>>> print(open('start.txt').read())   # compact mmCIF, C-alpha atoms
# COMPACT_ATOMS: atom_id res chain seq x y z
CA MET A 1 -17.25 -17.23 -8.43
CA SER A 2 -13.47 -17.20 -8.55
CA LYS A 3 -11.61 -17.71 -11.81
CA ILE A 4 -8.46 -19.87 -11.78
CA ASP A 5 -6.36 -20.38 -14.89
CA PRO A 6 -5.80 -24.10 -15.62
CA THR A 7 -2.03 -23.61 -15.54
CA ALA A 8 -2.11 -22.14 -12.02
CA ARG A 9 -1.32 -24.35 -9.03
CA VAL A 10 -3.56 -23.76 -6.03
CA GLU A 11 -2.73 -26.16 -3.18
CA ASP A 12 -5.41 -27.95 -1.19
CA GLY A 13 -6.30 -25.87 1.86
CA ALA A 14 -5.94 -22.48 0.19
CA VAL A 15 -8.98 -20.22 0.58
CA ILE A 16 -9.96 -18.26 -2.53
CA GLY A 17 -12.53 -15.49 -2.10
CA ASP A 18 -15.50 -14.82 -4.35
CA GLY A 19 -14.67 -13.02 -7.55
CA ALA A 20 -10.93 -13.59 -7.25
CA SER A 21 -8.92 -14.17 -10.41
CA ILE A 22 -5.73 -16.25 -10.46
CA GLY A 23 -3.78 -16.00 -13.69
CA PRO A 24 -1.46 -18.32 -15.62
CA TYR A 25 1.32 -20.13 -13.77
CA CYS A 26 0.54 -18.64 -10.37
CA VAL A 27 1.41 -20.72 -7.30
CA VAL A 28 -0.75 -20.41 -4.16
CA GLY A 29 0.26 -22.34 -1.05
CA PRO A 30 -1.99 -24.43 1.20
CA ASN A 31 -2.10 -21.90 4.05
CA VAL A 32 -2.89 -18.85 1.93
CA THR A 33 -6.14 -16.87 2.04
CA ILE A 34 -6.94 -14.76 -1.03
CA GLY A 35 -9.63 -12.14 -0.41
CA ALA A 36 -12.66 -11.47 -2.55
CA ASP A 37 -12.13 -9.76 -5.91
CA CYS A 38 -8.34 -10.06 -5.80
CA LYS A 39 -6.52 -10.33 -9.11
CA LEU A 40 -3.27 -12.26 -9.46
CA HIS A 41 -1.61 -11.76 -12.82
CA ALA A 42 0.67 -14.44 -14.28
CA HIS A 43 3.59 -16.02 -12.37
CA VAL A 44 2.66 -14.76 -8.89
CA ASN A 45 3.93 -16.80 -5.93
CA ILE A 46 2.08 -16.62 -2.60
CA ALA A 47 3.35 -18.91 0.14
CA GLY A 48 3.36 -19.39 3.91
CA GLN A 49 0.67 -18.26 6.34
CA THR A 50 -0.39 -15.33 4.17
CA THR A 51 -3.65 -13.40 4.05
CA LEU A 52 -4.34 -11.09 1.12
CA GLY A 53 -7.16 -8.62 1.74
CA ALA A 54 -10.09 -8.08 -0.60
CA GLY A 55 -9.57 -6.19 -3.84
CA CYS A 56 -5.78 -6.50 -4.06
CA THR A 57 -3.98 -6.68 -7.40
CA VAL A 58 -0.66 -8.53 -7.71
CA TYR A 59 1.49 -8.34 -10.84
CA PRO A 60 3.86 -10.92 -12.36
CA PHE A 61 6.81 -12.35 -10.44
CA ALA A 62 5.77 -10.90 -7.08
CA SER A 63 6.62 -13.24 -4.21
CA LEU A 64 4.62 -12.90 -0.99
CA GLY A 65 4.83 -14.83 2.26
CA THR A 66 8.18 -16.52 1.78
CA PRO A 67 10.29 -17.15 4.91
CA PRO A 68 12.11 -14.25 6.57
CA GLN A 69 15.65 -13.51 5.46
CA SER A 70 16.92 -13.73 9.03
CA SER A 71 19.86 -15.78 10.26
CA GLY A 72 17.90 -16.51 13.44
CA HIS A 73 14.93 -18.06 11.66
CA ARG A 74 14.63 -21.79 12.24
CA GLY A 75 11.56 -22.57 10.16
CA GLU A 76 8.99 -21.49 12.73
CA VAL A 77 5.48 -20.77 11.48
CA THR A 78 5.01 -17.01 11.13
CA ARG A 79 2.59 -14.85 9.17
CA LEU A 80 2.06 -12.12 6.61
CA GLU A 81 -1.10 -10.01 6.57
CA ILE A 82 -1.83 -7.62 3.69
CA GLY A 83 -4.78 -5.23 3.86
CA GLU A 84 -7.45 -4.64 1.28
CA SER A 85 -7.08 -2.85 -2.06
CA CYS A 86 -3.28 -2.97 -2.21
CA MET A 87 -1.48 -2.65 -5.54
CA ILE A 88 1.59 -4.90 -5.69
CA ARG A 89 3.62 -4.50 -8.84
CA GLU A 90 6.20 -6.66 -10.62
CA SER A 91 8.83 -8.56 -8.62
CA VAL A 92 7.82 -7.16 -5.23
CA THR A 93 8.92 -9.36 -2.31
CA ILE A 94 7.34 -9.37 1.17
CA ASN A 95 8.45 -11.86 3.84
CA THR A 96 6.67 -13.32 6.85
CA GLY A 97 7.72 -12.35 10.38
CA THR A 98 10.08 -13.95 12.88
CA VAL A 99 9.29 -15.33 16.32
CA ALA A 100 11.68 -12.83 17.90
CA GLY A 101 9.94 -9.95 16.11
CA GLY A 102 6.38 -10.88 17.05
CA GLY A 103 5.72 -13.44 14.34
CA ILE A 104 3.93 -11.24 11.82
CA THR A 105 4.64 -8.83 8.99
CA ARG A 106 1.65 -6.52 8.59
CA ILE A 107 0.70 -4.29 5.63
CA GLY A 108 -2.21 -1.86 5.88
CA ALA A 109 -4.91 -1.11 3.33
CA ARG A 110 -4.54 0.64 -0.03
CA GLY A 111 -0.76 0.34 -0.17
CA PHE A 112 1.04 0.85 -3.48
CA PHE A 113 4.24 -1.17 -3.84
CA MET A 114 6.05 -0.41 -7.07
CA ALA A 115 8.29 -2.84 -8.94
CA TYR A 116 11.17 -4.53 -7.09
CA SER A 117 10.32 -3.00 -3.70
CA HIS A 118 10.95 -5.21 -0.67
CA VAL A 119 9.34 -5.38 2.78
CA ALA A 120 11.38 -7.51 5.18
CA HIS A 121 10.29 -9.59 8.16
CA ASP A 122 8.32 -8.06 11.04
CA CYS A 123 7.74 -4.72 9.30
CA GLN A 124 4.57 -2.90 10.32
CA LEU A 125 3.15 -0.63 7.61
CA GLY A 126 0.10 1.59 7.98
CA ASN A 127 -2.56 2.49 5.45
CA ASP A 128 -2.01 4.29 2.13
CA VAL A 129 1.76 3.74 2.10
CA ILE A 130 3.60 4.15 -1.21
CA LEU A 131 6.97 2.52 -1.85
CA ALA A 132 8.40 3.58 -5.20
CA ASN A 133 10.52 1.34 -7.45
CA GLY A 134 13.35 -0.50 -5.74
CA VAL A 135 12.65 0.66 -2.17
CA GLN A 136 14.11 -1.72 0.43
CA LEU A 137 12.81 -1.88 4.01
CA GLY A 138 14.95 -3.81 6.49
CA GLY A 139 13.47 -5.99 9.19
CA HIS A 140 11.26 -4.56 11.96
CA CYS A 141 10.71 -1.19 10.26
CA GLU A 142 7.60 0.75 11.24
CA VAL A 143 5.94 2.98 8.64
CA GLY A 144 2.97 5.21 9.42
CA ASP A 145 -0.09 6.09 7.34
CA TYR A 146 0.29 8.09 4.11
CA VAL A 147 4.07 7.72 3.94
CA PHE A 148 5.79 8.04 0.57
CA VAL A 149 9.28 6.58 0.06
CA GLY A 150 11.09 7.61 -3.12
CA GLY A 151 12.68 5.18 -5.55
CA LEU A 152 15.85 3.23 -4.72
CA SER A 153 15.76 4.31 -1.08
CA ALA A 154 16.63 1.91 1.73
CA ALA A 155 15.79 1.82 5.43
CA HIS A 156 17.97 0.14 8.03
CA GLN A 157 16.30 -2.42 10.28
CA PHE A 158 14.23 -1.02 13.17
CA VAL A 159 13.91 2.39 11.51
CA ARG A 160 10.59 4.16 12.13
CA ILE A 161 9.00 6.53 9.61
CA GLY A 162 6.21 8.63 11.07
CA SER A 163 2.85 9.15 9.41
CA GLN A 164 2.64 11.48 6.41
CA ALA A 165 6.43 11.69 6.09
CA MET A 166 8.07 11.82 2.68
CA ILE A 167 11.45 10.30 1.86
CA GLY A 168 13.31 11.51 -1.22
CA GLY A 169 14.62 9.12 -3.85
CA VAL A 170 17.99 7.35 -3.46
CA SER A 171 18.05 8.01 0.28
CA GLY A 172 19.62 5.91 3.02
CA LEU A 173 17.61 5.88 6.25
CA ARG A 174 19.56 5.00 9.38
CA HIS A 175 17.54 7.13 11.79
CA ASP A 176 13.87 7.63 12.68
CA VAL A 177 11.98 10.22 10.62
CA ILE A 178 9.37 12.26 12.49
CA PRO A 179 5.74 12.34 11.35
CA TYR A 180 5.19 14.96 8.63
CA GLY A 181 8.94 15.13 8.05
CA LEU A 182 10.68 15.52 4.69
CA ALA A 183 13.99 13.65 4.59
CA SER A 184 16.52 12.80 1.90
CA GLY A 185 20.18 12.19 1.25
CA GLN A 186 22.70 9.36 1.04
CA PHE A 187 22.68 9.43 4.84
CA ALA A 188 19.25 10.97 5.12
CA HIS A 189 18.66 14.17 7.06
CA LEU A 190 15.59 16.31 7.62
CA GLU A 191 15.01 19.00 5.05
CA GLY A 192 11.81 20.32 6.57
CA LEU A 193 8.17 19.33 6.65
CA ASN A 194 6.13 17.51 4.02
CA VAL A 195 4.03 20.59 3.39
CA VAL A 196 2.56 19.27 0.12
CA GLY A 197 1.33 16.15 1.88
CA MET A 198 -0.04 18.17 4.79
CA ARG A 199 -2.02 20.37 2.43
CA ARG A 200 -3.43 17.27 0.76
CA ARG A 201 -4.56 16.13 4.23
CA LYS A 202 -6.44 19.46 4.54
CA PHE A 203 -4.11 21.30 6.91
CA THR A 204 -5.18 24.94 7.11
CA HIS A 205 -2.72 27.79 6.66
CA LYS A 206 -2.94 28.48 10.40
CA ARG A 207 -2.08 24.89 11.29
CA LEU A 208 0.83 24.84 8.86
CA GLN A 209 2.25 28.00 10.40
CA LEU A 210 1.97 26.54 13.89
CA VAL A 211 3.66 23.25 13.01
CA ARG A 212 6.38 25.08 11.09
CA GLU A 213 7.08 27.28 14.14
CA PHE A 214 7.33 24.16 16.29
CA TYR A 215 9.68 22.49 13.79
CA GLN A 216 11.96 25.52 13.58
CA GLN A 217 12.25 25.83 17.34
CA LEU A 218 12.93 22.11 17.83
CA PHE A 219 15.39 21.48 15.00
CA HIS A 220 16.94 24.90 14.35
CA GLY A 221 16.78 26.66 17.72
CA GLY A 222 19.71 27.44 19.99
CA GLY A 223 21.17 25.18 22.63
CA VAL A 224 21.22 21.40 22.82
CA PHE A 225 18.38 19.24 21.53
CA SER A 226 17.20 18.07 24.96
CA ASP A 227 16.69 21.67 26.09
CA ARG A 228 14.83 22.60 22.92
CA LEU A 229 12.65 19.50 23.25
CA ALA A 230 11.69 20.49 26.78
CA ALA A 231 10.95 24.04 25.63
CA VAL A 232 8.49 23.00 22.89
CA ARG A 233 6.57 20.42 24.94
CA PRO A 234 3.84 22.92 25.94
CA MET A 235 3.01 23.29 22.24
CA ALA A 236 1.57 19.75 22.24
CA ASP A 237 -1.78 21.17 23.31
CA SER A 238 -1.90 23.59 20.40
CA ASP A 239 -2.15 21.06 17.53
CA PRO A 240 -2.61 17.26 17.19
CA ALA A 241 0.26 17.04 14.70
CA ILE A 242 2.68 18.54 17.21
CA ALA A 243 1.46 16.13 19.88
CA GLU A 244 1.98 13.25 17.43
CA ILE A 245 5.55 14.30 16.69
CA LEU A 246 6.42 14.60 20.37
CA THR A 247 4.91 11.19 21.13
CA PHE A 248 6.88 9.69 18.24
CA ILE A 249 10.13 11.13 19.64
CA ASP A 250 9.36 9.85 23.14
CA ASP A 251 8.62 6.35 21.85
CA GLY A 252 11.98 5.93 20.08
CA ASN A 253 14.55 3.52 21.46
CA LYS A 254 16.18 1.50 18.67
CA ARG A 255 17.42 4.23 16.33
CA PRO A 256 18.49 7.84 16.83
CA LEU A 257 16.33 10.62 15.49
CA CYS A 258 16.91 11.96 11.99
CA MET A 259 18.08 15.55 12.41
CA ALA A 260 18.30 18.61 10.19
CA HIS A 261 21.48 18.67 8.10
CA ASN A 262 22.17 22.38 8.46
CA ASN A 263 21.70 22.62 12.22
CA PRO A 264 24.34 25.00 13.58
CA ASN A 265 24.62 22.83 16.71
CA LYS A 266 25.44 19.63 14.82
CA SER A 267 28.44 18.83 17.02
CA THR A 268 26.33 18.86 20.17
CA GLU A 269 23.54 17.04 18.32
CA ARG A 270 25.99 14.25 17.46
CA ALA A 271 26.87 13.88 21.12
CA HIS A 272 23.19 13.74 22.00
CA LEU A 273 22.48 11.08 19.38
CA GLU A 274 25.35 8.91 20.59
CA THR A 275 23.96 8.87 24.13
CA ARG A 276 20.25 8.59 23.22
>>> encode(input="start.txt", output="structure tokens")
Amino acid sequence: MSKIDPTARVEDGAVIGDGASIGPYCVVGPNVTIGADCKLHAHVNIAGQTTLGAGCTVYPFASLGTPPQSSGHRGEVTRLEIGESCMIRESVTINTGTVAGGGITRIGARGFFMAYSHVAHDCQLGNDVILANGVQLGGHCEVGDYVFVGGLSAAHQFVRIGSQAMIGGVSGLRHDVIPYGLASGQFAHLEGLNVVGMRRRKFTHKRLQLVREFYQQLFHGGGVFSDRLAAVRPMADSDPAIAEILTFIDDGNKRPLCMAHNNPNKSTERAHLETR
């Protein structure tokens, strides 16, 4: 059976799963579904059309499912879906979607959202994502599985971060970061590959060498980027990670691609980015 503190306010219509615990002074709206075995510590606010997956833990002053912070929002009914076993720490805020953005903000399973991080409307996050303290994701961002974003970093709206990428702390993301990429900086640039993360995902030494060779040719080779991209396309058949990176690049349309800071062809790269 669920356990609800007598000071909590759970509106009629809310669905509370078996084994859930709702602590002092929590507020749960009438269209909220709390999964089995979730734990809400004191002073948690969950509103809107929000679904919280089984086994999630939410700490004090988190606010989930409030309306999108979008000037185009006119009170339409939109949703927030959070996967199972997520850890949501103090003062985290996650908004519902907008009609223009598809109507739903979606969080995968086993996410870890540290204090004061924010996920804006229409963001789509994969599984096992970690946002460190104070990370801010603008609207419509897409974040792949196993991504880590360092503390106090911010992503512009519509930015995509590929799976298993790592973003350094206090970074500003204006451009898309490739899967397995390592990016950082006030105006973030690629510093290489997230080799530590790749090893944790059981990449062999041979695979690491192959993906590194691909990365070097694409981001540090001679000539303009479009020519280098065409030259490395045959490598897609040699490793799934390379194929994933190339697909990610091909799918981009809202933001330019995050490039390596020390590329000797940065002037031609800038021209390419402006016309992409």
>>> axis_aligned_box(input="start.txt", around="range 222-237 of chain A", padding_each_side="8 Å", output="AutoDock Vina command-line options")
--center_x 9.7 --center_y 22.8 --center_z 23.4 --size_x 39.0 --size_y 25.4 --size_z 22.8
>>> residues_around(input="start.txt", residues="Ala14 in chain A", least_positions_apart="3", cutoff="6 Å", atoms="only C-alpha atoms", output="VMD selection string")
chain A and resid 11 30 to 33
>>> residues_around(input="start.txt", residues="range 67-73 of chain A", least_positions_apart="2", cutoff="12 Å", atoms="only C-alpha atoms", output="PyMOL selection string")
chain A and resi 46-50+63-65+75-80+93-101+103-105+118-123+138-140+157
>>> closest_residue(input="start.txt", among="A:Gln209, A:Ser171, A:Ser2, A:Asn133", to="Leu40 in chain A", atoms="only C-alpha atoms")
A:Ser2
>>> atom_distance(input="start.txt", atom1="CA of Gln136 in chain A", atom2="CA of Gly162 in chain A")
16.8 Å
>>> residues_near_point(input="start.txt", point="(-2.0, 21.4, 17.2)", cutoff="12 Å", atoms="only C-alpha atoms", output="tab-separated table (two decimals) with C-alpha atoms, keeping the file's coordinate frame")
chain	number	residue	atom	x	y	z
A	203	PHE	CA	-4.11	21.30	6.91
A	204	THR	CA	-5.18	24.94	7.11
A	206	LYS	CA	-2.94	28.48	10.40
A	207	ARG	CA	-2.08	24.89	11.29
A	208	LEU	CA	0.83	24.84	8.86
A	209	GLN	CA	2.25	28.00	10.40
A	210	LEU	CA	1.97	26.54	13.89
A	211	VAL	CA	3.66	23.25	13.01
A	212	ARG	CA	6.38	25.08	11.09
A	213	GLU	CA	7.08	27.28	14.14
A	214	PHE	CA	7.33	24.16	16.29
A	233	ARG	CA	6.57	20.42	24.94
A	234	PRO	CA	3.84	22.92	25.94
A	235	MET	CA	3.01	23.29	22.24
A	236	ALA	CA	1.57	19.75	22.24
A	237	ASP	CA	-1.78	21.17	23.31
A	238	SER	CA	-1.90	23.59	20.40
A	239	ASP	CA	-2.15	21.06	17.53
A	240	PRO	CA	-2.61	17.26	17.19
A	241	ALA	CA	0.26	17.04	14.70
A	242	ILE	CA	2.68	18.54	17.21
A	243	ALA	CA	1.46	16.13	19.88
A	244	GLU	CA	1.98	13.25	17.43
A	245	ILE	CA	5.55	14.30	16.69
A	246	LEU	CA	6.42	14.60	20.37
>>> atom_distance(input="start.txt", atom1="CA of Asp227 in chain A", atom2="CA of Phe187 in chain A")
25.2 Å
>>> atom_distance(input="start.txt", atom1="CA of Ala132 in chain A", atom2="CA of Phe148 in chain A")
7.7 Å
>>> closest_residue(input="start.txt", among="A:Ala165, A:Met114, A:Val135, A:Val10", to="Ser153 in chain A", atoms="all atoms listed in the file")
A:Val135
>>> residues_around(input="start.txt", residues="range 24-26 of chain A", least_positions_apart="6", cutoff="8 Å", atoms="all atoms listed in the file", output="PyMOL selection string")
chain A and resi 5-10+40-45
>>> write_last_selection(input="start.txt", atoms="C-alpha atoms", output="PDB file, in the frame of the given file")
ATOM      1  CA  ASP A   5      -6.360 -20.380 -14.890  1.00  0.00           C
ATOM      2  CA  PRO A   6      -5.800 -24.100 -15.620  1.00  0.00           C
ATOM      3  CA  THR A   7      -2.030 -23.610 -15.540  1.00  0.00           C
ATOM      4  CA  ALA A   8      -2.110 -22.140 -12.020  1.00  0.00           C
ATOM      5  CA  ARG A   9      -1.320 -24.350  -9.030  1.00  0.00           C
ATOM      6  CA  VAL A  10      -3.560 -23.760  -6.030  1.00  0.00           C
ATOM      7  CA  LEU A  40      -3.270 -12.260  -9.460  1.00  0.00           C
ATOM      8  CA  HIS A  41      -1.610 -11.760 -12.820  1.00  0.00           C
ATOM      9  CA  ALA A  42       0.670 -14.440 -14.280  1.00  0.00           C
ATOM     10  CA  HIS A  43       3.590 -16.020 -12.370  1.00  0.00           C
ATOM     11  CA  VAL A  44       2.660 -14.760  -8.890  1.00  0.00           C
ATOM     12  CA  ASN A  45       3.930 -16.800  -5.930  1.00  0.00           C
TER      13      ASN A  45
END
>>> closest_residue(input="start.txt", among="A:Gly29, A:Glu84, A:Thr51, A:Gln216", to="Arg110 in chain A", atoms="only C-alpha atoms")
A:Glu84
>>> closest_residue(input="start.txt", among="A:Lys202, A:Arg228, A:Arg74, A:Arg89", to="Phe112 in chain A", atoms="all atoms listed in the file")
A:Arg89
>>> residues_around(input="start.txt", residues="range 248-251 of chain A", least_positions_apart="6", cutoff="10 Å", atoms="all atoms listed in the file", output="NGL selection string")
:A and (160-163 or 176-179 or 229 or 242 or 257)
>>> build_atoms(input="start.txt", residues="range 41-52 of chain A", atoms="all heavy atoms", output="PDB file, in the frame of the given file")
ATOM      1  N   HIS A  41      -2.054 -11.604 -11.443  1.00  0.00           N
ATOM      2  CA  HIS A  41      -1.610 -11.760 -12.820  1.00  0.00           C
ATOM      3  C   HIS A  41      -0.683 -12.977 -12.904  1.00  0.00           C
ATOM      4  O   HIS A  41      -0.487 -13.684 -11.928  1.00  0.00           O
ATOM      5  CB  HIS A  41      -0.905 -10.497 -13.295  1.00  0.00           C
ATOM      6  CG  HIS A  41      -1.826  -9.330 -13.458  1.00  0.00           C
ATOM      7  ND1 HIS A  41      -2.490  -9.053 -14.631  1.00  0.00           N
ATOM      8  CD2 HIS A  41      -2.223  -8.366 -12.574  1.00  0.00           C
ATOM      9  CE1 HIS A  41      -3.236  -7.965 -14.479  1.00  0.00           C
ATOM     10  NE2 HIS A  41      -3.091  -7.531 -13.237  1.00  0.00           N
ATOM     11  N   ALA A  42      -0.131 -13.232 -14.051  1.00  0.00           N
ATOM     12  CA  ALA A  42       0.670 -14.440 -14.280  1.00  0.00           C
ATOM     13  C   ALA A  42       1.911 -14.506 -13.385  1.00  0.00           C
ATOM     14  O   ALA A  42       2.479 -13.476 -13.014  1.00  0.00           O
ATOM     15  CB  ALA A  42       1.085 -14.499 -15.749  1.00  0.00           C
ATOM     16  N   HIS A  43       2.304 -15.741 -13.036  1.00  0.00           N
ATOM     17  CA  HIS A  43       3.590 -16.020 -12.370  1.00  0.00           C
ATOM     18  C   HIS A  43       3.712 -15.382 -10.990  1.00  0.00           C
ATOM     19  O   HIS A  43       4.813 -15.013 -10.567  1.00  0.00           O
ATOM     20  CB  HIS A  43       4.754 -15.576 -13.254  1.00  0.00           C
ATOM     21  CG  HIS A  43       4.820 -16.274 -14.568  1.00  0.00           C
ATOM     22  ND1 HIS A  43       5.355 -17.535 -14.729  1.00  0.00           N
ATOM     23  CD2 HIS A  43       4.398 -15.889 -15.811  1.00  0.00           C
ATOM     24  CE1 HIS A  43       5.280 -17.890 -16.003  1.00  0.00           C
ATOM     25  NE2 HIS A  43       4.693 -16.911 -16.678  1.00  0.00           N
ATOM     26  N   VAL A  44       2.612 -15.264 -10.268  1.00  0.00           N
ATOM     27  CA  VAL A  44       2.660 -14.760  -8.890  1.00  0.00           C
ATOM     28  C   VAL A  44       2.850 -15.938  -7.940  1.00  0.00           C
ATOM     29  O   VAL A  44       2.231 -16.992  -8.100  1.00  0.00           O
ATOM     30  CB  VAL A  44       1.367 -13.998  -8.537  1.00  0.00           C
ATOM     31  CG1 VAL A  44       1.323 -13.660  -7.057  1.00  0.00           C
ATOM     32  CG2 VAL A  44       1.238 -12.744  -9.392  1.00  0.00           C
ATOM     33  N   ASN A  45       3.714 -15.766  -6.938  1.00  0.00           N
ATOM     34  CA  ASN A  45       3.930 -16.800  -5.930  1.00  0.00           C
ATOM     35  C   ASN A  45       3.486 -16.281  -4.567  1.00  0.00           C
ATOM     36  O   ASN A  45       3.992 -15.256  -4.095  1.00  0.00           O
ATOM     37  CB  ASN A  45       5.414 -17.175  -5.866  1.00  0.00           C
ATOM     38  CG  ASN A  45       5.692 -18.187  -4.765  1.00  0.00           C
ATOM     39  OD1 ASN A  45       5.168 -19.298  -4.784  1.00  0.00           O
ATOM     40  ND2 ASN A  45       6.508 -17.805  -3.802  1.00  0.00           N
ATOM     41  N   ILE A  46       2.521 -16.982  -3.946  1.00  0.00           N
ATOM     42  CA  ILE A  46       2.080 -16.620  -2.600  1.00  0.00           C
ATOM     43  C   ILE A  46       2.201 -17.858  -1.721  1.00  0.00           C
ATOM     44  O   ILE A  46       1.579 -18.888  -1.998  1.00  0.00           O
ATOM     45  CB  ILE A  46       0.644 -16.073  -2.582  1.00  0.00           C
ATOM     46  CG1 ILE A  46       0.519 -14.886  -3.543  1.00  0.00           C
ATOM     47  CG2 ILE A  46       0.258 -15.648  -1.171  1.00  0.00           C
ATOM     48  CD1 ILE A  46      -0.831 -14.216  -3.531  1.00  0.00           C
ATOM     49  N   ALA A  47       3.012 -17.749  -0.676  1.00  0.00           N
ATOM     50  CA  ALA A  47       3.350 -18.910   0.140  1.00  0.00           C
ATOM     51  C   ALA A  47       3.076 -18.605   1.615  1.00  0.00           C
ATOM     52  O   ALA A  47       2.609 -17.518   1.979  1.00  0.00           O
ATOM     53  CB  ALA A  47       4.815 -19.287  -0.065  1.00  0.00           C
ATOM     54  N   GLY A  48       3.413 -19.575   2.464  1.00  0.00           N
ATOM     55  CA  GLY A  48       3.360 -19.390   3.910  1.00  0.00           C
ATOM     56  C   GLY A  48       1.969 -19.130   4.446  1.00  0.00           C
ATOM     57  O   GLY A  48       0.953 -19.353   3.771  1.00  0.00           O
ATOM     58  N   GLN A  49       1.914 -18.641   5.676  1.00  0.00           N
ATOM     59  CA  GLN A  49       0.670 -18.260   6.340  1.00  0.00           C
ATOM     60  C   GLN A  49       0.357 -16.812   5.942  1.00  0.00           C
ATOM     61  O   GLN A  49       0.632 -15.867   6.681  1.00  0.00           O
ATOM     62  CB  GLN A  49       0.821 -18.380   7.856  1.00  0.00           C
ATOM     63  CG  GLN A  49       1.184 -19.766   8.347  1.00  0.00           C
ATOM     64  CD  GLN A  49      -0.044 -20.636   8.544  1.00  0.00           C
ATOM     65  OE1 GLN A  49      -1.188 -20.165   8.549  1.00  0.00           O
ATOM     66  NE2 GLN A  49       0.175 -21.935   8.701  1.00  0.00           N
ATOM     67  N   THR A  50      -0.194 -16.662   4.754  1.00  0.00           N
ATOM     68  CA  THR A  50      -0.390 -15.330   4.170  1.00  0.00           C
ATOM     69  C   THR A  50      -1.864 -15.059   3.928  1.00  0.00           C
ATOM     70  O   THR A  50      -2.587 -15.905   3.395  1.00  0.00           O
ATOM     71  CB  THR A  50       0.374 -15.205   2.839  1.00  0.00           C
ATOM     72  OG1 THR A  50       1.777 -15.362   3.096  1.00  0.00           O
ATOM     73  CG2 THR A  50       0.136 -13.851   2.183  1.00  0.00           C
ATOM     74  N   THR A  51      -2.293 -13.856   4.314  1.00  0.00           N
ATOM     75  CA  THR A  51      -3.650 -13.400   4.050  1.00  0.00           C
ATOM     76  C   THR A  51      -3.584 -12.156   3.176  1.00  0.00           C
ATOM     77  O   THR A  51      -2.907 -11.177   3.520  1.00  0.00           O
ATOM     78  CB  THR A  51      -4.389 -13.064   5.356  1.00  0.00           C
ATOM     79  OG1 THR A  51      -4.464 -14.233   6.174  1.00  0.00           O
ATOM     80  CG2 THR A  51      -5.801 -12.558   5.070  1.00  0.00           C
ATOM     81  N   LEU A  52      -4.272 -12.207   2.060  1.00  0.00           N
ATOM     82  CA  LEU A  52      -4.340 -11.090   1.120  1.00  0.00           C
ATOM     83  C   LEU A  52      -5.738 -10.509   1.178  1.00  0.00           C
ATOM     84  O   LEU A  52      -6.713 -11.207   0.903  1.00  0.00           O
ATOM     85  CB  LEU A  52      -4.005 -11.582  -0.296  1.00  0.00           C
ATOM     86  CG  LEU A  52      -3.734 -10.549  -1.384  1.00  0.00           C
ATOM     87  CD1 LEU A  52      -2.498  -9.735  -1.050  1.00  0.00           C
ATOM     88  CD2 LEU A  52      -3.568 -11.236  -2.730  1.00  0.00           C
TER      89      LEU A  52
END
